[in-house]
$ cat data20.txt   # compact mmCIF, C-alpha atoms
# COMPACT_ATOMS: atom_id res chain seq x y z
CA MET V 1 7.00 -13.09 8.04
CA ASN V 2 7.50 -10.35 10.62
CA THR V 3 4.61 -9.27 12.77
CA LEU V 4 2.03 -6.95 11.26
CA PRO V 5 1.39 -3.68 13.14
CA ALA V 6 -1.33 -4.10 15.76
CA LEU V 7 -4.68 -2.37 15.46
CA GLY V 8 -4.57 0.92 17.37
CA ALA V 9 -0.76 0.98 17.40
CA PRO V 10 1.20 3.83 15.82
CA ALA V 11 1.98 3.09 12.19
CA PRO V 12 5.63 2.19 11.56
CA ALA V 13 7.78 4.75 9.81
CA LEU V 14 7.25 4.91 6.06
CA ALA V 15 9.50 7.18 4.05
CA GLY V 16 11.57 7.00 0.91
CA PRO V 17 11.81 7.69 -2.81
CA THR V 18 8.76 7.62 -5.05
CA ASP V 19 8.15 7.88 -8.75
CA ASP V 20 7.73 11.66 -8.35
CA GLY V 21 10.01 12.63 -5.46
CA THR V 22 9.83 11.42 -1.88
CA PHE V 23 7.13 10.29 0.51
CA ASP V 24 6.99 10.51 4.30
CA LEU V 25 3.93 9.17 6.10
CA SER V 26 4.58 11.45 9.08
CA ALA V 27 4.04 14.48 6.82
CA LEU V 28 0.41 13.39 6.37
CA ARG V 29 -0.39 13.39 10.10
CA GLY V 30 -3.83 14.92 10.50
CA HIS V 31 -5.19 13.02 7.48
CA PRO V 32 -6.03 9.34 7.05
CA VAL V 33 -3.88 7.32 4.66
CA VAL V 34 -4.23 4.01 2.83
CA VAL V 35 -0.88 2.24 2.55
CA TYR V 36 -0.93 -0.77 0.26
CA PHE V 37 1.98 -3.13 -0.28
CA TYR V 38 2.09 -5.12 -3.50
CA PRO V 39 4.60 -7.59 -4.95
CA LYS V 40 5.55 -6.25 -8.37
CA ASP V 41 4.76 -3.51 -10.87
CA SER V 42 2.94 -4.45 -14.08
CA THR V 43 1.89 -7.97 -13.07
CA PRO V 44 -1.78 -8.82 -13.63
CA ALA V 45 -2.99 -8.82 -10.00
CA CYS V 46 -0.86 -5.82 -9.02
CA ALA V 47 -2.06 -3.84 -12.04
CA GLN V 48 -5.68 -4.69 -11.24
CA GLU V 49 -5.28 -3.62 -7.61
CA ALA V 50 -3.67 -0.35 -8.71
CA ARG V 51 -6.48 0.29 -11.22
CA ASP V 52 -9.08 -0.43 -8.52
CA PHE V 53 -7.47 2.14 -6.20
CA ARG V 54 -7.21 4.54 -9.16
CA ASP V 55 -10.88 4.11 -9.98
CA GLN V 56 -11.88 4.91 -6.39
CA ALA V 57 -9.27 7.65 -5.84
CA ALA V 58 -11.86 10.43 -6.06
CA ALA V 59 -14.05 8.73 -3.43
CA PHE V 60 -11.03 8.41 -1.10
CA ALA V 61 -10.10 12.05 -1.78
CA GLU V 62 -13.62 13.20 -0.87
CA LEU V 63 -13.01 11.59 2.53
CA GLY V 64 -9.62 13.29 2.82
CA VAL V 65 -7.82 9.94 2.53
CA SER V 66 -4.46 9.76 0.74
CA ILE V 67 -3.24 6.59 -0.99
CA VAL V 68 0.31 5.30 -1.42
CA GLY V 69 1.48 2.04 -2.97
CA VAL V 70 4.70 0.35 -1.85
CA SER V 71 6.85 -2.33 -3.48
CA LYS V 72 10.52 -3.19 -3.81
CA ASP V 73 10.56 -2.26 -7.50
CA PRO V 74 12.96 0.57 -8.43
CA VAL V 75 11.74 4.11 -9.07
CA LYS V 76 12.21 3.74 -12.85
CA LYS V 77 9.75 0.83 -12.92
CA HIS V 78 7.32 2.79 -10.75
CA ILE V 79 7.44 5.69 -13.21
CA ARG V 80 6.49 3.42 -16.13
CA PHE V 81 3.84 1.54 -14.13
CA ARG V 82 2.22 4.70 -12.78
CA ALA V 83 2.10 6.25 -16.26
CA ALA V 84 0.74 3.09 -17.89
CA GLU V 85 -2.04 2.73 -15.31
CA GLN V 86 -2.64 6.50 -14.94
CA LEU V 87 -2.34 6.33 -11.17
CA PRO V 88 -3.13 9.56 -9.27
CA PHE V 89 -1.12 8.53 -6.19
CA PRO V 90 2.59 7.92 -5.53
CA LEU V 91 4.40 4.59 -5.59
CA LEU V 92 7.08 4.28 -2.92
CA THR V 93 10.22 2.22 -3.48
CA ASP V 94 11.29 0.15 -0.50
CA GLU V 95 15.04 0.60 -0.28
CA ALA V 96 15.24 0.52 3.53
CA GLY V 97 13.42 -2.60 4.72
CA LEU V 98 10.00 -0.97 5.01
CA CYS V 99 8.25 -4.19 4.02
CA GLU V 100 10.01 -6.04 6.82
CA ALA V 101 9.19 -3.29 9.36
CA TRP V 102 5.51 -3.45 8.37
CA GLY V 103 5.51 -7.26 8.56
CA VAL V 104 4.57 -7.83 4.92
CA PHE V 105 7.73 -9.53 3.66
CA GLY V 106 7.73 -13.26 4.14
CA GLU V 107 7.34 -16.74 2.79
CA LYS V 108 4.93 -17.23 -0.09
CA LYS V 109 3.90 -20.20 -2.18
CA MET V 110 3.05 -20.17 -5.85
CA TYR V 111 2.77 -23.07 -8.27
CA GLY V 112 4.19 -25.42 -5.62
CA LYS V 113 7.30 -23.32 -5.02
CA THR V 114 8.14 -21.50 -1.80
CA PHE V 115 9.93 -18.15 -1.95
CA LEU V 116 10.29 -14.88 -0.06
CA GLY V 117 8.39 -11.83 -1.22
CA ILE V 118 5.87 -9.14 -0.39
CA VAL V 119 2.59 -10.49 0.91
CA ARG V 120 -0.10 -8.27 -0.62
CA SER V 121 -1.33 -6.20 2.35
CA THR V 122 -3.22 -2.96 3.00
CA PHE V 123 -3.34 -0.70 6.05
CA LEU V 124 -5.75 2.11 6.86
CA ILE V 125 -4.00 4.69 9.02
CA ASP V 126 -6.13 7.24 10.86
CA ALA V 127 -5.46 10.99 11.17
CA GLU V 128 -3.52 10.42 14.40
CA GLY V 129 -1.15 8.00 12.67
CA ARG V 130 -2.61 4.83 14.22
CA VAL V 131 -3.37 1.58 12.41
CA ARG V 132 -7.17 1.26 12.18
CA ASN V 133 -7.56 -1.63 9.72
CA VAL V 134 -5.29 -4.35 8.34
CA TRP V 135 -5.96 -6.61 5.36
CA SER V 136 -3.33 -9.33 4.88
CA PRO V 137 -3.09 -11.32 2.74
CA VAL V 138 -5.27 -9.48 0.25
CA LYS V 139 -7.41 -11.00 -2.48
CA VAL V 140 -7.73 -8.29 -5.13
CA ALA V 141 -11.39 -8.80 -6.11
CA GLY V 142 -13.57 -6.52 -3.98
CA HIS V 143 -10.67 -5.40 -1.81
CA VAL V 144 -10.68 -1.69 -2.60
CA GLU V 145 -14.41 -1.48 -1.90
CA ALA V 146 -13.78 -2.96 1.58
CA VAL V 147 -11.00 -0.43 2.22
CA LEU V 148 -13.25 2.42 1.08
CA ALA V 149 -16.05 1.23 3.39
CA ALA V 150 -13.61 1.19 6.30
CA ALA V 151 -12.39 4.69 5.39
CA ARG V 152 -15.98 5.94 5.40
CA ALA V 153 -16.40 4.50 8.90
CA LEU V 154 -13.43 6.47 10.32

$ encode --input "data20.txt" --output "structure tokens"
Amino acid sequence: MNTLPALGAPAPALAGPTDDGTFDLSALRGHPVVVYFYPKDSTPACAQEARDFRDQAAAFAELGVSIVGVSKDPVKKHIRFRAAEQLPFPLLTDEAGLCEAWGVFGEKKMYGKTFLGIVRSTFLIDAEGRVRNVWSPVKVAGHVEAVLAAARAL
């Protein structure tokens, strides 16, 4: 796995196609952002994580915090996943090695097999575009509440 961005460092570039257009992290400068990387649309843990962010979206919005999910799934899958889970935030498709640049693509183990994939990870980016919190690897249960608590502390 590549190196995760350091706390206090500028967030790596994050731009590309989403399920509803395009996303560019630099366009949100001046506002905090939660960037969460997840392995695959419509899988049980990824769907639960998305629903947890969805269920707390209003609380994040009250703090002025935007949310974006990122995976290597194509835009068409993102469209179906976002509609099925009624997600109020965009899902970015990694077509340009974003996962590698953010240090979240690496070796994983499941059921005794080793493979390469996205390590579930979340970053809280402050209004100046700096990394304030990193969670990696993420366990889904209770995760969004921890991210929300960190956002409140900004």

$ atom_distance --input "data20.txt" --atom1 "CA of Arg54 in chain V" --atom2 "CA of His31 in chain V"
18.8 Å

$ residues_around --input "data20.txt" --residues "Phe123 in chain V" --least-positions-apart "3" --cutoff "9 Å" --atoms "all atoms listed in the file" --output "PyMOL selection string"
chain V and resi 11+33-37+131-136+147

$ closest_residue --input "data20.txt" --among "V:Val68, V:Ile125, V:Ala84, V:Ala57" --to "Val144 in chain V" --atoms "all atoms listed in the file"
V:Ala57

$ residues_around --input "data20.txt" --residues "Ala9 in chain V" --least-positions-apart "2" --cutoff "6 Å" --atoms "all atoms listed in the file" --output "MDAnalysis selection string"
chainID V and resid 6:7 130:131

$ atom_distance --input "data20.txt" --atom1 "CA of Pro32 in chain V" --atom2 "CA of Gly129 in chain V"
7.6 Å

$ residues_near_point --input "data20.txt" --point "(6.0, 2.6, 3.1)" --cutoff "10 Å" --atoms "all atoms listed in the file" --output "ChimeraX atom specification"
/V:11-18,23-25,35-37,68-71,91-99,101-102

$ closest_residue --input "data20.txt" --among "V:Glu107, V:Glu49, V:Glu100, V:Asp20" --to "Lys76 in chain V" --atoms "only C-alpha atoms"
V:Asp20

$ closest_residue --input "data20.txt" --among "V:Ala141, V:Pro39, V:Pro90, V:Ser66" --to "Leu116 in chain V" --atoms "all atoms listed in the file"
V:Pro39

$ residues_around --input "data20.txt" --residues "Gly30 in chain V" --least-positions-apart "2" --cutoff "10 Å" --atoms "all atoms listed in the file" --output "ChimeraX atom specification"
/V:26-28,32-33,64,126-129

$ atom_distance --input "data20.txt" --atom1 "CA of Cys46 in chain V" --atom2 "CA of Pro74 in chain V"
15.2 Å

$ axis_aligned_box --input "data20.txt" --around "range 53-71 of chain V" --padding-each-side "8 Å" --output "lines of an AutoDock Vina configuration file"
center_x = -3.6
center_y = 5.5
center_z = -3.6
size_x = 36.9
size_y = 31.6
size_z = 28.8

$ residues_near_point --input "data20.txt" --point "(4.2, -6.9, 7.9)" --cutoff "6 Å" --atoms "all atoms listed in the file" --output "PyMOL selection string"
chain V and resi 2-4+100+102-104

$ closest_residue --input "data20.txt" --among "V:Glu62, V:Asp73, V:Asp19, V:Glu85" --to "Gln48 in chain V" --atoms "only C-alpha atoms"
V:Glu85

$ closest_residue --input "data20.txt" --among "V:Leu124, V:Asp41, V:Gly106, V:Tyr111" --to "Val75 in chain V" --atoms "all atoms listed in the file"
V:Asp41

$ closest_residue --input "data20.txt" --among "V:Arg51, V:Lys108, V:Arg82, V:Lys113" --to "Val140 in chain V" --atoms "all atoms listed in the file"
V:Arg51

$ decode --input "data20.txt" --residues "range 52-67 of chain V" --atoms "N, CA and C atoms" --output "compact mmCIF listing (two decimals), in the first residue's frame"
# COMPACT_ATOMS: atom_id res chain seq x y z
N ASP V 52 -24.92 4.75 6.53
CA ASP V 52 -24.56 5.47 7.76
C ASP V 52 -24.20 6.92 7.45
N PHE V 53 -23.43 7.15 6.37
CA PHE V 53 -23.15 8.53 5.97
C PHE V 53 -24.43 9.24 5.54
N ARG V 54 -25.29 8.54 4.81
CA ARG V 54 -26.57 9.12 4.40
C ARG V 54 -27.39 9.55 5.61
N ASP V 55 -27.46 8.68 6.61
CA ASP V 55 -28.28 8.96 7.78
C ASP V 55 -27.76 10.11 8.62
N GLN V 56 -26.48 10.42 8.48
CA GLN V 56 -25.89 11.55 9.22
C GLN V 56 -25.60 12.75 8.30
N ALA V 57 -26.03 12.68 7.06
CA ALA V 57 -25.73 13.74 6.09
C ALA V 57 -26.22 15.10 6.56
N ALA V 58 -27.39 15.16 7.16
CA ALA V 58 -27.91 16.45 7.63
C ALA V 58 -27.04 17.02 8.74
N ALA V 59 -26.56 16.16 9.64
CA ALA V 59 -25.68 16.63 10.72
C ALA V 59 -24.37 17.17 10.15
N PHE V 60 -23.81 16.48 9.14
CA PHE V 60 -22.60 16.99 8.49
C PHE V 60 -22.90 18.32 7.80
N ALA V 61 -24.03 18.40 7.10
CA ALA V 61 -24.39 19.63 6.39
C ALA V 61 -24.55 20.81 7.35
N GLU V 62 -25.11 20.57 8.53
CA GLU V 62 -25.24 21.64 9.52
C GLU V 62 -23.88 22.20 9.91
N LEU V 63 -22.85 21.38 9.84
CA LEU V 63 -21.48 21.81 10.14
C LEU V 63 -20.77 22.38 8.91
N GLY V 64 -21.46 22.36 7.78
CA GLY V 64 -20.85 22.85 6.54
C GLY V 64 -19.89 21.86 5.91
N VAL V 65 -20.02 20.57 6.28
CA VAL V 65 -19.11 19.54 5.80
C VAL V 65 -19.74 18.78 4.64
N SER V 66 -19.04 18.74 3.51
CA SER V 66 -19.47 17.95 2.35
C SER V 66 -18.95 16.53 2.49
N ILE V 67 -19.60 15.60 1.80
CA ILE V 67 -19.21 14.19 1.80
C ILE V 67 -19.06 13.74 0.35
